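To start, the structure itself, in structure tokens.
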Amino acid sequence: MEKSTKSKKRLETSRELPLIIAQYYQECHEAKARGIPVGWMPPMNGGIELFYAMGLQPVFPENWSPVCAAFGLTGRNFEVAENMGYSRDLCGYLRNIIGYVHGMMGEAGNPLGGLPEPDIMLPPLGGCAPVMKIFQALMRRFPGAKVFKADMPQVAIEDIRRHHIDYAISEMKRLIAFLTEATGRRLDEDRLRETVVLSDRACELWDEIMAFRRCIPTPIAASDIGIMFVMVTRQGTQIAVDYLTKVRDELKERAARGAGVIENERVRLFWDNIPLWYNMGIFNYFEKQGGVVVAETYSAAWSLRLDTGNPLEALALKTLMSYPLVSCVSIKKRKEMVLKACRDYAIDGTILHRNRSCVPITLGQMDIKRELEAIGVPSLIIDADHMDGRNFSMAQFQTRADAFMEMLLHKKGFSL
Amino acid sequence: MVSELIAPFHDAVTNREANLNRLASEGNRLMGYFCTYTPIELLHASGFVPVRIMGEAPKVEKAYNLVPDFICPYLRKAVERGLEGAYKSLAGIVQGYTCDVTCGLVDIWKENMGGEVFHILPLPYLDQASSRSFLRSGITDLVEKLSEAGGAYSEQRLADSLDLYAGIRSRIASLYDLRSRRFLPITAREFLIVVNAFFVTPPERYLAMLEALGQALPEAPPLNGGIPVLVSGSLVEDPDMLGIIEESGGIVVSDDLCTGYRAFSPVDGHGNDPVERLIDRTMNRFPCPTRSSAEDRIPRLLSLMERSGARAVVFLVQKFCTPHLGDLPTVREALSRLDIPSILIEIEEAGTMGGQNLTRINSFFEML
């Protein structure tokens with residue numbers, strides 16, 4: 001197996017994704033050409049719905065990094081950033097996007113047309129340190145963009161209290177005032193409500209999709225997790241709802257006829273931490289021995305519901321809850337989530353990706369490992385990096401993965 | 001070797017474990033913290049002795065059962081010391097939200113080392129009326145939590161604690177002023193010992209130590225020789241790191257360290273009540289890279305250099321420290337445009353500057 005491979009997808013609806021991705025980036029470029037303000041922002045925050053509700057175009061530089069990894073562009077981007085003095089110890093997202101905006105951005109031949117330049121930027125104050133530093137670097141690169149710095153409380157999910165929400169709401173209101181002033185567009189409250197309804201419907205569909213992973217055999221695996229593209233970029237739009245509905249319907253049909261991802265599912269696996277964007281094919285690696293990566297940490301990010309009766313508070317809360325995914329991470333909550341996933345999805349073994357590019361998620365994995373052992377779920381730690389393939393050894397991975405699978409098969413009474 | 005003047009501070013740092021255990025055995029309650037953005041005055045006002053958790057483990061072994069090897073050496077060593085029982089006298093950890101890794105470690109500490117109180121205080125990034133009001137609510141939360149653990153908070157006690165710490169900081173500020181004018185008759189190595197003792201000594205005792213030092217310091221002529229430098233970075237625990245700079249031909253006249261100037265600036269805050277005073281100081285801190293951009297910090301660094309006459313910058317950065325490493329290219333480029341030489345030394349697990357870095361620092365000063 002090569003160090004960089006694409007995942008083998010089983011869902012028909014996954015095959016529609018390249019078109020959906022291309023359409024999104026086309027829309028971004030068309031927006032720029034038509035003078036619709038383009039705003040760069042971190043993913044998962046409530047600014048996305050505000051942008052769609054106001055007819056503005058959100059763009060996600062963080063999401064561009066997996067695109068670069070899929071197209072094999074990271075090497076050049078890393079080189080540019082590292083030549084600027086950015087340490088190899090820094091997060092791969094940071095090195096990739098800084099290298100991109102100072103390198104190939106704007107050159108001919110960018111995949112999907114590349115990123116359109118920002119008119120507006122929403123740098124997070126808080127969020128994880130690399131994302132803060134990314135946006136500080138982007139502000140330097142695009143000094144003409146209008147900037148709104150949102151101050152959101154960094155607080156673990158279980159510690160969110162009323163005053164955190166109130167402060168987040170006050171910051172959302174400040175953002176709306178800024179966008180109104182910066183773009184001359186007013187926020188229509190009915191439109192905002194519709195957007196939040198669509199966003200909530202997408203979350204509901206997401207939970208329905210995830211629930212099919214309980215089926216044995218599972219009709220969807222981590223190799224098809226690219227469907228989350230619409231959750232990252234299209235939340236609050238009919239496009240996301242329509243696509244997720246199709247995914248849900250396909251899964252319903254597959255589940256009804258007992259169609260698994262592979263013919264003979266023998267071992268069910270869980271992947272903790274961010275995937276290797278340059279090697280999504282790793283999710284298929286276990287299949288030769290009957291292993292399927294049934295679920296992963298990443299997809300839990302959208303398992304939340306929005307109060308459609310109170311749109312602004314819903315978006316404020318969504319933003320608050322996005323921070324603890326990579327910053328102010330609660331190890332207690334992470335542990336609960338992984339253990340619940342193991343129970344819900346009848347997981348036989350977990351793969352803990354010790355990720356050099358994301359310390360906040362990696363921290364606590366040893367505690368999680370211990371808890372998993374206590375409930376009889378063995379774990380495999382693999383050392384890698386979600387962006388930088390130089391920090392990943394395929395040979396070492398294969399040796400350890402093969403041994404892990406043999407142990408799990410033996411434990412379940414299968415002959416090797 | 002340290003001079004007689006520094007001996008009490010040296011003892012406070014090197015024998016901190018025994019000292020802390022003795023304090024606990026005498027009925028004092030100790031509360032740990034990692035980062036200087038923690039409102040230590042509030043801990044003190046609630047009846048706890050604030051103790052900064054230090055690393056300085058000779059080597060890291062057990063910690064790797066809990067944390068990866070790509071977090072900063074300081075935190076790896078702190079976990080190692082925690083697992084060795086060095087901080088068993090702590091009632092818990094309170095932490096102002098700064099570095100993601102440090103705050104993540106609070107959870108790991110709670111899971112593995114135990115304690116009664118664990119709390120992370122979210123801090124606003126913007127200074128606006130709503131942010132100050134938000135921070136006030138967070139302080140109320142923290143007071144409640146400390147009170148539930150037997151804390152004895154009152155506004156008067158907070159006012160007293162603020163006075164006490166302001167007294168300490170103003171004395172330290174005087175030492176910084178002497179140093180920047182090259183009238184401080186102790187070495188950078190010794191001064192770091194004085195500073196580090198602050199973090200592990202009850203403030204009443206530390207103030208007395210500082211007062212005694214102030215009286216004992218000889219009036220000295222300005223120090224000559226050595227290339228004046230500013231040291232910038234995060235935590236420097238090992239005094240030899242600064243010692244080597246001065247032995248290689250430099251003289252440290254200013255710093256931007258969290259075991260240094262950033263911990264003591266500003267001396268105090270202003271406000272109509274003690275909580276407002278605490279908030280005001282927090283909002284006006286000399287910013288750390290976790291809470292600011294390079295653009296925020298560059299003018300402050302240049303101002304420190306101008307005031308102290310520093311001609312070059314030595315960056316002493318903990319390996320894997322994202323906030324500092326993320327700012328460095330921009331900060332160094334700004335210095336370079338002004339023809340200010342700088343060098344980056346990454347602090348590794350081994351601590352004291354190894355052979356390669358020693359050669360680099362020697363070459364740096366030779367070049368200057």
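To be explicit about the labels: the chains of the structure tokens are called A, B, and onward in the order shown, and within each one the residues are counted from 1, while ligands get numbers from 1 in the order they are shown.
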
- Query: Tell me, which residues of segment 199-415 of chain A carry DSSP helix (DSSP H, G or I), written as a ChimeraX atom specification?
  - Reply: /A:199-214,222-233,238-256,280-289,298-302,311-325,331-344,359-362,365-374,389-391,394-411

At most 7 Å is the cut-off: for each residue in chain B with any atom that close to an atom of chain A, write down the nearest atom pair and the distance in Å rounded to one decimal, counting only C-alpha atoms, chain first then increasing number, as CSV.
residue,atom,partner,partner_atom,distance
B:Asn65,CA,A:Met366,CA,6.6
B:Leu66,CA,A:Met366,CA,5.3
B:Val67,CA,A:Leu363,CA,6.1
B:Phe70,CA,A:Arg356,CA,6.7
B:Asp100,CA,A:Ser327,CA,5.7
B:Val101,CA,A:Pro360,CA,6.0
B:Cys103,CA,A:Cys328,CA,6.7
B:Gly104,CA,A:Val329,CA,6.5
B:Asp107,CA,A:Ile331,CA,6.2
B:Ile108,CA,A:Gly364,CA,6.5
B:Pro122,CA,A:Gln154,CA,5.4
B:Pro124,CA,A:Asp151,CA,6.4
B:Tyr125,CA,A:Asp151,CA,6.0
B:Leu126,CA,A:Asp151,CA,6.4
B:Phe134,CA,A:Tyr167,CA,6.5
B:Ser137,CA,A:His163,CA,6.8
B:Thr290,CA,A:Ala129,CA,6.6
B:Ser293,CA,A:Gln136,CA,6.4
B:Phe320,CA,A:Asp89,CA,5.7
B:Thr322,CA,A:Leu90,CA,6.0
B:Pro323,CA,A:Ala129,CA,6.1
B:Leu325,CA,A:Ser87,CA,6.6
B:Gly326,CA,A:Lys133,CA,6.0
B:Pro329,CA,A:Gly85,CA,5.1

- Query: Pick the closest to Thr195 of chain A from A:Tyr243, A:Ser7, A:Lys288, A:Thr308: which is it, counting only C-alpha atoms?
  - Reply: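 So, comparing all the options, the nearest one is A:Thr308.
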
- Please provide the set of residues having any atom within 12 Å of Lys110 of chain B, restricted to only C-alpha atoms, with same-chain residues fewer than 3 positions apart removed, written as a ChimeraX atom specification. /A:330-332,364,367 /B:32,79,82-83,88,90-94,103-107,113-120

- Identify, with DSSP run on backbone atoms, the residues in segment 49-284 of chain B assigned to strand (DSSP E or B), and express the list as a VMD selection string. chain B and resid 49 to 52 90 to 96 117 to 121 227 to 233 250 to 256

- Give me the residues within 10 Å of Gly226 of chain A as number ranges by chain, counting only C-alpha atoms and dropping any in the same chain fewer than 5 places off. A: 7, 9, 14, 17-18, 231, 280, 299

Selection export as an mmCIF file, in the first residue's frame, atoms kept: C-alpha atoms:
data_model
loop_
_atom_site.group_PDB
_atom_site.id
_atom_site.type_symbol
_atom_site.label_atom_id
_atom_site.label_comp_id
_atom_site.auth_asym_id
_atom_site.auth_seq_id
_atom_site.Cartn_x
_atom_site.Cartn_y
_atom_site.Cartn_z
ATOM 1 C CA SER A 7 -10.224 5.668 0.212
ATOM 2 C CA LYS A 9 -15.934 4.364 -1.198
ATOM 3 C CA SER A 14 -20.299 9.324 -2.029
ATOM 4 C CA LEU A 17 -19.335 14.277 -3.678
ATOM 5 C CA PRO A 18 -16.717 15.436 -6.194
ATOM 6 C CA MET A 231 -21.593 19.717 7.171
ATOM 7 C CA MET A 280 -7.752 8.145 3.448
ATOM 8 C CA SER A 299 -18.043 12.714 12.833
#

- Pick the closest to Asn110 of chain A from A:Leu312, A:Val67, A:Leu325, A:Met394: which is it, counting only C-alpha atoms?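 Selected residue with least distance to Asn110 of chain A: A:Val67.
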
- Message: List the spatial neighbours of Val331 of chain B as a count of residues only - criterion: any atom at most 12 Å away, only C-alpha atoms, same-chain residues fewer than 2 positions off excluded.
- Response: 36

- Message: Give me, as a ChimeraX atom specification, all polymer residues having an atom no more than 7 Å from segment 145-154 of chain B, counting only C-alpha atoms and skipping those fewer than 6 positions away in the same chain.
- Response: /B:45-47,117

Written selection (N, CA and C atoms) as a short mmCIF file (atom, residue, chain, number, x, y, z; two decimals), in the first residue's frame:
data_model
loop_
_atom_site.label_atom_id
_atom_site.label_comp_id
_atom_site.auth_asym_id
_atom_site.auth_seq_id
_atom_site.Cartn_x
_atom_site.Cartn_y
_atom_site.Cartn_z
N ALA B 45 -6.61 35.08 48.28
CA ALA B 45 -7.71 35.68 49.06
C ALA B 45 -8.68 34.61 49.57
N SER B 46 -8.69 33.47 48.91
CA SER B 46 -9.57 32.38 49.35
C SER B 46 -8.88 31.45 50.34
N GLY B 47 -7.67 31.81 50.71
CA GLY B 47 -7.00 31.04 51.75
C GLY B 47 -6.04 29.97 51.24
N VAL B 117 -9.93 20.41 43.78
CA VAL B 117 -10.45 21.51 42.97
C VAL B 117 -9.70 21.57 41.64
#

- Skip Glu287 of chain A itself and residues of its chain fewer than 3 positions away, then list as a ChimeraX atom specification all residues within 10 Å of it, counting only C-alpha atoms. /A:261-267,282-284,290-293,405

- Item | Residue among B:Leu192, B:Val317, B:Val267, B:Val236 lying closest to Leu164 of chain B, counting only C-alpha atoms |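 Counting only C-alpha atoms, the residue closest to Leu164 of chain B is B:Val267.
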